[in-house]
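This is model-v8.txt. It holds compact mmCIF, C-alpha atoms.
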# COMPACT_ATOMS: atom_id res chain seq x y z
CA MET A 1 148.65 108.98 108.56
CA ALA A 2 145.48 109.90 110.44
CA ARG A 3 145.46 113.35 112.00
CA PRO A 4 145.18 113.30 115.80
CA PRO A 5 141.85 114.60 117.13
CA ASN A 6 141.55 118.31 117.96
CA ALA A 7 144.68 119.13 115.95
CA SER A 8 143.04 121.28 113.30
CA ARG A 9 143.80 124.97 113.10
CA GLN A 10 140.14 125.82 113.75
CA THR A 11 139.97 123.65 116.87
CA ARG A 12 143.18 125.17 118.18
CA ALA A 13 141.75 128.64 117.56
CA VAL A 14 138.62 127.85 119.59
CA LEU A 15 140.58 126.19 122.40
CA GLY A 16 143.06 129.08 122.45
CA THR A 17 140.27 131.65 122.66
CA LEU A 18 138.51 129.80 125.45
CA LEU A 19 141.83 129.38 127.28
CA ARG A 20 142.56 133.12 127.33
CA GLU A 21 139.77 133.68 129.87
CA PRO A 22 139.16 130.21 131.24
CA ARG A 23 136.58 131.16 133.86
CA ARG A 24 134.47 133.34 131.56
CA TRP A 25 131.40 131.86 129.89
CA GLN A 26 131.40 132.82 126.21
CA HIS A 27 128.61 133.06 123.62
CA GLY A 28 128.78 131.40 120.23
CA TYR A 29 128.69 134.73 118.37
CA ASP A 30 131.53 136.16 120.50
CA LEU A 31 133.59 133.05 119.84
CA SER A 32 132.87 133.37 116.14
CA LYS A 33 134.09 136.97 116.11
CA GLU A 34 137.18 136.23 118.15
CA THR A 35 138.26 133.18 116.18
CA GLY A 36 137.09 134.40 112.78
CA LEU A 37 135.20 131.13 112.30
CA LEU A 38 131.77 131.12 110.69
CA SER A 39 128.87 129.47 112.47
CA GLY A 40 128.96 126.51 110.07
CA THR A 41 132.49 125.71 111.23
CA LEU A 42 132.24 126.81 114.83
CA TYR A 43 129.21 124.84 116.00
CA PRO A 44 130.26 121.39 114.75
CA LEU A 45 133.52 122.04 116.62
CA LEU A 46 131.72 123.03 119.82
CA VAL A 47 129.44 120.00 119.53
CA ARG A 48 132.46 117.72 119.11
CA LEU A 49 134.34 119.27 122.04
CA SER A 50 131.24 118.90 124.18
CA ASP A 51 130.81 115.25 123.10
CA GLN A 52 134.43 114.61 124.02
CA GLY A 53 133.77 115.96 127.51
CA LEU A 54 136.07 118.96 127.08
CA LEU A 55 133.49 121.74 127.07
CA ASP A 56 130.84 122.80 129.57
CA SER A 57 127.74 124.61 128.41
CA GLN A 58 124.73 126.14 130.07
CA TRP A 59 121.77 128.38 129.34
CA ARG A 60 121.78 131.98 130.52
CA GLU A 61 118.81 134.25 131.01
CA PRO A 62 118.42 136.84 128.24
CA SER A 63 120.32 140.08 128.65
CA ARG A 64 117.54 142.07 126.96
CA PRO A 65 113.77 141.62 127.27
CA GLY A 66 112.09 139.88 124.36
CA LEU A 67 115.14 137.79 123.49
CA PRO A 68 115.59 134.05 124.10
CA PRO A 69 117.96 132.50 126.67
CA ARG A 70 121.49 132.15 125.40
CA HIS A 71 123.84 129.19 125.36
CA VAL A 72 127.29 129.84 126.84
CA TYR A 73 130.48 127.80 126.85
CA ARG A 74 133.74 127.37 128.70
CA LEU A 75 136.38 124.68 128.95
CA ASN A 76 136.27 122.26 131.85
CA ALA A 77 139.37 120.86 133.58
CA ARG A 78 140.03 118.32 130.83
CA GLY A 79 139.50 120.89 128.11
CA LEU A 80 141.83 123.35 129.81
CA ALA A 81 144.52 120.70 130.13
CA LEU A 82 144.24 119.88 126.43
CA ALA A 83 144.21 123.55 125.43
CA ARG A 84 147.35 124.22 127.51
CA GLN A 85 149.07 121.21 126.01
CA LEU A 86 148.27 122.32 122.47
CA THR A 87 149.40 125.86 123.24
CA GLN A 88 152.71 124.51 124.54
CA GLU A 89 153.12 122.44 121.40
CA ASP A 90 152.48 125.52 119.28
CA GLU A 91 154.96 127.75 121.10
CA PRO A 92 158.19 125.95 120.03
CA ASN A 93 156.92 125.99 116.45
CA ALA A 94 156.27 129.71 116.66
CA GLU A 95 159.71 130.29 118.22
CA SER A 96 161.49 128.26 115.53
CA LEU A 97 159.61 130.21 112.85
CA GLY A 98 160.65 133.45 114.55
CA ALA A 99 164.28 132.32 114.75
CA GLY A 100 164.28 131.41 111.07
CA ALA A 101 162.91 134.81 110.03
CA MET B 1 105.25 149.76 112.21
CA ARG B 2 108.18 149.13 109.94
CA SER B 3 108.11 145.91 108.00
CA ARG B 4 110.73 143.38 108.95
CA SER B 5 113.70 142.99 106.71
CA VAL B 6 113.58 140.18 104.18
CA CYS B 7 117.01 139.04 105.37
CA ARG B 8 115.81 138.86 108.98
CA SER B 9 112.71 136.89 107.98
CA MET B 10 114.85 134.47 106.00
CA ALA B 11 117.25 134.15 108.93
CA ASP B 12 114.35 133.34 111.27
CA GLY B 13 113.03 130.81 108.75
CA LEU B 14 116.42 129.09 108.49
CA ALA B 15 116.76 129.05 112.28
CA GLN B 16 113.35 127.41 112.58
CA LEU B 17 114.28 124.90 109.91
CA THR B 18 117.51 124.10 111.76
CA SER B 19 115.54 123.41 114.94
CA ARG B 20 112.93 121.36 113.09
CA ILE B 21 115.35 119.02 111.31
CA SER B 22 117.63 118.50 114.29
CA ARG B 23 117.56 115.17 116.10
CA PRO B 24 116.09 115.11 119.62
CA GLY B 25 119.55 114.51 121.09
CA ARG B 26 120.89 117.62 119.36
CA ARG B 27 117.89 119.90 119.74
CA ASP B 28 119.56 121.89 122.49
CA TRP B 29 122.34 122.84 120.08
CA ALA B 30 119.86 123.79 117.37
CA HIS B 31 118.02 126.03 119.83
CA ALA B 32 121.34 127.52 120.90
CA MET B 33 122.24 128.41 117.31
CA ALA B 34 118.79 129.82 116.64
CA ALA B 35 118.86 131.90 119.83
CA GLU B 36 122.27 133.32 119.00
CA GLN B 37 120.97 134.58 115.68
CA ARG B 38 118.45 136.77 117.53
CA TYR B 39 121.29 138.64 119.24
CA ILE B 40 122.87 139.70 115.95
CA ASP B 41 121.72 143.20 115.08
CA ASP B 42 122.82 143.27 111.46
CA ASN B 43 120.21 141.52 109.30
CA VAL B 44 122.58 140.31 106.60
CA GLU B 45 124.99 139.02 109.24
CA ALA B 46 122.07 137.25 110.94
CA LEU B 47 121.14 135.57 107.65
CA ARG B 48 124.72 134.44 107.13
CA TRP B 49 124.82 133.13 110.68
CA ALA B 50 121.54 131.23 110.27
CA ALA B 51 122.68 129.68 106.97
CA GLY B 52 125.89 128.55 108.67
CA CYS B 53 123.87 127.05 111.52
CA LEU B 54 121.75 125.02 109.09
CA TYR B 55 124.95 123.76 107.49
CA ALA B 56 126.38 122.99 110.95
CA SER B 57 123.27 121.03 111.84
CA LEU B 58 123.43 118.96 108.65
CA LEU B 59 127.16 118.37 109.09
CA THR B 60 126.65 117.26 112.68
CA GLN B 61 123.92 114.87 111.56
CA LEU B 62 126.22 113.53 108.88
CA ARG B 63 128.92 112.93 111.52
CA ASP B 64 126.38 111.40 113.88
CA GLY B 65 125.26 109.12 111.09
CA ALA B 66 121.70 110.38 111.25
CA LEU B 67 121.18 111.75 107.75
CA LEU B 68 119.30 108.68 106.55
CA ASN B 69 116.71 109.32 109.23
CA HIS B 70 115.35 112.06 106.96
CA ARG B 71 112.66 110.85 104.61
CA LEU B 72 113.70 113.26 101.86
CA VAL B 73 117.29 111.96 101.87
CA ARG B 74 116.10 108.35 101.80
CA TRP B 75 113.71 109.08 98.93
CA ALA B 76 116.37 110.92 96.93
CA ILE B 77 118.86 108.06 97.25
CA ALA B 78 116.19 105.41 96.65
CA SER B 79 115.06 107.25 93.50
CA TRP B 80 118.60 107.34 92.19
CA ALA B 81 119.04 103.63 92.98
CA ALA B 82 115.76 102.84 91.19
CA TYR B 83 116.89 104.84 88.14
CA GLN B 84 120.19 102.94 88.09
CA ALA B 85 118.34 99.64 88.40
CA GLU B 86 116.17 100.53 85.40
CA ASN B 87 119.21 101.67 83.42
CA ASN B 88 121.19 98.50 84.16
CA LEU B 89 118.21 96.26 83.49
CA CYS B 90 117.63 97.91 80.13
CA THR B 91 121.27 97.44 79.12
CA ALA B 92 121.36 93.82 80.30
CA LEU B 93 118.12 92.93 78.49
CA LEU B 94 119.35 94.64 75.33
CA LEU B 95 122.54 92.57 75.44
CA ILE B 96 120.67 89.35 76.20
CA SER B 97 118.16 89.86 73.40
CA TYR B 98 121.00 90.66 70.98
CA LYS B 99 122.99 87.60 71.99
CA LEU B 100 119.89 85.39 71.74
CA HIS B 101 119.14 86.93 68.30
CA ILE B 102 115.80 88.32 69.44
CA HIS B 103 116.27 91.40 67.28
CA GLY B 104 112.71 92.61 67.65
CA LEU B 105 113.09 92.89 71.40
CA ALA B 106 116.52 94.46 70.99
CA ALA B 107 115.08 97.10 68.68
CA LEU B 108 112.26 97.74 71.13
CA LEU B 109 114.69 98.10 74.05
CA ALA B 110 116.89 100.39 72.00
CA ARG B 111 113.88 102.69 71.55
CA TRP B 112 113.11 102.41 75.24
CA CYS B 113 116.65 103.50 76.07
CA PRO B 114 117.15 106.20 73.41
CA GLY B 115 120.40 107.96 72.64
CA ASP B 116 122.28 105.49 70.47
CA ASP B 117 121.61 103.56 67.32
CA PHE B 118 122.30 100.19 68.84
CA ARG B 119 123.20 98.61 65.48
CA SER B 120 126.43 100.61 65.41
CA LEU B 121 127.23 99.01 68.76
CA TYR B 122 127.25 95.43 67.49
CA PRO B 123 131.07 95.14 67.91
CA VAL B 124 130.72 96.33 71.49
CA PHE B 125 127.93 93.84 72.15
CA ASP B 126 130.02 91.06 70.67
CA ALA B 127 132.88 91.93 73.01
CA VAL B 128 130.69 91.67 76.12
CA SER B 129 130.96 88.30 77.89
CA SER B 130 128.09 86.49 79.53
CA TRP B 131 129.58 86.96 82.99
CA GLU B 132 129.55 90.72 82.45
CA VAL B 133 125.87 90.59 81.59
CA GLY B 134 125.33 88.43 84.67
CA LEU B 135 127.11 90.93 86.88
CA GLY B 136 125.04 93.72 85.34
CA LEU B 137 121.90 91.84 86.33
CA VAL B 138 123.23 91.33 89.85
CA ALA B 139 123.87 95.09 90.09
CA THR B 140 120.34 95.71 88.80
CA ALA B 141 118.88 93.52 91.52
CA LEU B 142 121.06 95.13 94.18
CA TYR B 143 120.10 98.67 93.14
CA ALA B 144 116.41 97.73 93.19
CA LEU B 145 116.83 96.03 96.56
CA ALA B 146 118.69 99.06 97.93
CA ALA B 147 115.85 101.35 96.83
CA VAL B 148 113.23 99.19 98.54
CA LEU B 149 115.29 98.70 101.71
CA LEU B 150 116.02 102.40 102.08
CA LEU B 151 112.36 103.29 101.66
CA ARG B 152 111.49 100.74 104.33
CA ARG B 153 114.09 102.29 106.68
CA ARG B 154 116.26 99.21 106.54
CA PHE B 155 119.65 100.84 106.64
CA TYR B 156 121.57 97.86 105.34
CA GLY B 157 120.07 99.13 102.06
CA ALA B 158 122.96 101.60 102.21
CA HIS B 159 125.46 98.77 102.09
CA THR B 160 123.54 97.14 99.23
CA PHE B 161 123.70 100.44 97.33
CA ILE B 162 127.46 100.64 97.80
CA VAL B 163 128.00 97.05 96.64
CA ALA B 164 125.87 97.73 93.53
CA LEU B 165 127.89 100.86 92.79
CA GLY B 166 131.11 98.91 93.29
CA ILE B 167 130.02 96.27 90.77
CA CYS B 168 128.93 98.85 88.18
CA GLY B 169 132.03 100.97 88.67
CA GLY B 170 134.26 97.91 88.34
CA LEU B 171 132.44 96.76 85.22
CA TRP B 172 132.70 100.22 83.68
CA LEU B 173 136.46 100.36 84.29
CA TYR B 174 136.82 96.87 82.84
CA GLU B 175 134.83 97.84 79.72
CA LEU B 176 136.88 101.00 79.39
CA SER B 177 140.03 98.93 79.19
CA LYS B 178 138.70 97.29 76.01
CA PRO B 179 139.64 99.22 72.85
CA THR B 180 136.35 98.16 71.20
CA TYR B 181 134.36 99.83 73.94
CA PHE B 182 136.64 102.83 74.34
CA ASP B 183 136.63 103.64 70.62
CA ALA B 184 132.89 103.09 70.20
CA PHE B 185 131.97 106.26 72.07
CA PRO B 186 133.35 109.80 71.96
CA LEU B 187 135.60 110.91 74.80
CA SER B 188 132.89 113.25 76.05
CA ASP B 189 130.66 110.21 76.74
CA HIS B 190 133.39 108.58 78.80
CA LEU B 191 133.98 111.80 80.71
CA HIS B 192 130.25 112.08 81.33
CA ASP B 193 130.23 108.53 82.71
CA ALA B 194 133.28 109.29 84.86
CA LEU B 195 131.54 112.36 86.25
CA LEU B 196 128.40 110.37 87.02
CA TYR B 197 130.38 107.65 88.77
CA GLY B 198 132.26 110.30 90.72
CA LEU B 199 129.00 111.89 91.85
CA GLU B 200 127.58 108.50 92.70
CA ALA B 201 130.68 107.69 94.75
CA LEU B 202 130.06 110.94 96.63
CA LEU B 203 126.46 109.89 97.16
CA ALA B 204 127.69 106.49 98.36
CA TRP B 205 129.90 108.27 100.89
CA VAL B 206 126.90 110.25 102.11
CA VAL B 207 124.92 107.03 102.34
CA TRP B 208 127.73 105.29 104.20
CA THR B 209 128.19 108.09 106.71
CA GLY B 210 124.42 108.44 106.94
CA VAL B 211 123.85 105.00 108.40
CA PRO B 212 122.88 105.48 112.06
CA ARG B 213 125.63 104.12 114.28
CA GLY B 214 125.17 101.91 117.30
CA PRO B 215 122.64 99.26 118.21
CA THR B 216 119.91 100.82 116.05
CA ARG B 217 122.00 100.43 112.92
CA SER B 218 119.65 98.18 111.01
CA HIS B 219 116.27 99.04 112.35
CA ALA B 220 116.47 102.62 113.58
CA GLN B 221 113.07 104.23 113.76

Let me see the structure of the file written as structure tokens.
Amino acid sequence: MARPPNASRQTRAVLGTLLREPRRWQHGYDLSKETGLLSGTLYPLLVRLSDQGLLDSQWREPSRPGLPPRHVYRLNARGLALARQLTQEDEPNAESLGAGA
Amino acid sequence: MRSRSVCRSMADGLAQLTSRISRPGRRDWAHAMAAEQRYIDDNVEALRWAAGCLYASLLTQLRDGALLNHRLVRWAIASWAAYQAENNLCTALLLISYKLHIHGLAALLARWCPGDDFRSLYPVFDAVSSWEVGLGLVATALYALAAVLLLRRRFYGAHTFIVALGICGGLWLYELSKPTYFDAFPLSDHLHDALLYGLEALLAWVVWTGVPRGPTRSHAQ
């Protein structure tokens, strides 16, 4: 059976991280550190989420002189709704695992 | 002035490469990845990041179906298709010349395609039907056509390549089911063939996913 979109562990990790502080714009490197995903996994995910209209991105002026502008990301309304839904789906699983322990 | 670290230089080079090979529609993302690398203080970490970004860019292009837009990829696949065409043509001509009793030509072709003393393969040749030779020739033509089409940026060359591989793979499995063929070669030869077909199937998958999607499917520039 085909896996539903955005159901992978990595995607859930990114959505979960972005959901923790929904209004904060986050950098790719920060997201990589928080989720433990390498850039080769993280960016295709971000590109896909953006293509699906779940992620907003924008350029920010450099924080230090001599450095380039930086791309930042956060979930939009649709992305937040999906992230909340996936988190709710995960919680019963976590509870049942906890009960079985 | 201290010289820049080799790792940092390599990271910058990979970031530039990522930007250069990215499609116009994805250039923003490539620049984003490259910019992020500049904010990483540790040089080795920056190199790892940049290598991952190059991989991400290629993966995204594969998903977008844009890999065949790269000349190098098209040339690599076309070269392989041309090699397979030559290989199949040689085998088909060898079989035809044997079956038509043109032994001089058969001996010449056997030298052209070295590796086996073809006389020991007479029982195998005898077991090959005309329709199998015909299909081998069809596969030859399709491989050659695929090579030409891919070089001319006609992406239905990808489909031609996959059909040719399907014919050859099917023929190989059919031959393998014949004891005469199976026993004529050592197991290592069969495993080698299986490995080659496996790799070619992987290449076919790359070709298939590499066909640009949408209205520019056949004539994307």

Report, as AutoDock Vina command-line options, the centre and edge lengths in Å (one decimal) of the axis-aligned box enclosing every listed atom of stretch 36-41 of chain A, padded by 6 Å on each side.
--center_x 133.0 --center_y 130.1 --center_z 111.4 --size_x 20.2 --size_y 20.7 --size_z 14.7

Write out as CSV the residues of chain B that have any atom within 9 Å of an atom of chain A, one row each with the nearest atom pair and its distance in Å to one decimal, counting all atoms listed in the file, sorted by chain and then rising number.
residue,atom,partner,partner_atom,distance
B:Arg26,CA,A:Val47,CA,8.9
B:Asp28,CA,A:His71,CA,8.9
B:Trp29,CA,A:Val47,CA,7.7
B:His31,CA,A:His71,CA,8.6
B:Ala32,CA,A:His71,CA,5.4
B:Met33,CA,A:Gly28,CA,7.8
B:Ala35,CA,A:Pro68,CA,5.8
B:Glu36,CA,A:Arg70,CA,6.6
B:Gln37,CA,A:Tyr29,CA,8.2
B:Arg38,CA,A:Leu67,CA,6.9
B:Tyr39,CA,A:Leu67,CA,7.5
B:Ile40,CA,A:Tyr29,CA,8.0
B:Arg48,CA,A:Ser39,CA,8.4
B:Trp49,CA,A:Ser39,CA,5.7
B:Ala50,CA,A:Ser39,CA,7.9
B:Ala51,CA,A:Gly40,CA,7.7
B:Gly52,CA,A:Gly40,CA,3.9
B:Cys53,CA,A:Gly40,CA,5.3
B:Leu54,CA,A:Gly40,CA,7.4
B:Tyr55,CA,A:Gly40,CA,5.5
B:Ala56,CA,A:Gly40,CA,4.5
B:Ser57,CA,A:Pro44,CA,7.6
B:Leu59,CA,A:Pro44,CA,7.1
B:Thr60,CA,A:Pro44,CA,5.9

*Might you pull out every residue within 12 Å of B:Glu86, with only C-alpha atoms counted and same-chain residues fewer than 4 positions away left off, and present them as a list in words?*
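In the requested form, the answer reads Ser79, Trp80, Ala81, Ala82, Cys90, Thr91, Ala92, Leu93, Leu109, Trp112, Cys113, Gly136, Leu137, Ala139, Thr140, Ala141, Leu142, Tyr143, Ala144 and Ala147 of chain B.
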
*In terms of the shortest atom-to-atom distance over only C-alpha atoms, which of A:Glu61, A:Leu37, A:Gln88, A:Tyr73 is closest to A:Thr11?*
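Comparing A:Glu61, A:Leu37, A:Gln88, A:Tyr73 against A:Thr11, the winner is A:Leu37.
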
Skipping near chain neighbours, those fewer than 3 positions away, what residues fall within 8 Å of A:Arg78 using all atoms listed in the file, listed as a PDB file with C-alpha atoms, in the coordinates of the input?
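Okay, part39.pdb is ready:
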ATOM      1  CA  GLY A  53     133.770 115.960 127.510  1.00  0.00           C
ATOM      2  CA  LEU A  54     136.070 118.960 127.080  1.00  0.00           C
ATOM      3  CA  LEU A  75     136.380 124.680 128.950  1.00  0.00           C
ATOM      4  CA  ALA A  81     144.520 120.700 130.130  1.00  0.00           C
ATOM      5  CA  LEU A  82     144.240 119.880 126.430  1.00  0.00           C
TER       6      LEU A  82
END

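Comparing the minimum interatomic distances between A:Leu18 and each of A:Ser50, A:Glu91, A:Pro65, A:Leu80, counting only C-alpha atoms, we find that A:Leu80 sits nearest.
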
*Mind giving me the straight-line distance from atom CA of A:Gly79 to atom CA of A:Leu19 in Å, one decimal?*
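We find that atom CA of A:Gly79 and atom CA of A:Leu19 lie 8.8 Å from each other.
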
_Among listed residues A:Ala77, A:Leu49, A:Ala13, A:Leu86, nearest A:Gly36 (using only C-alpha atoms)_ =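 Once distances to A:Gly36 are computed over only C-alpha atoms, the minimum belongs to A:Ala13.
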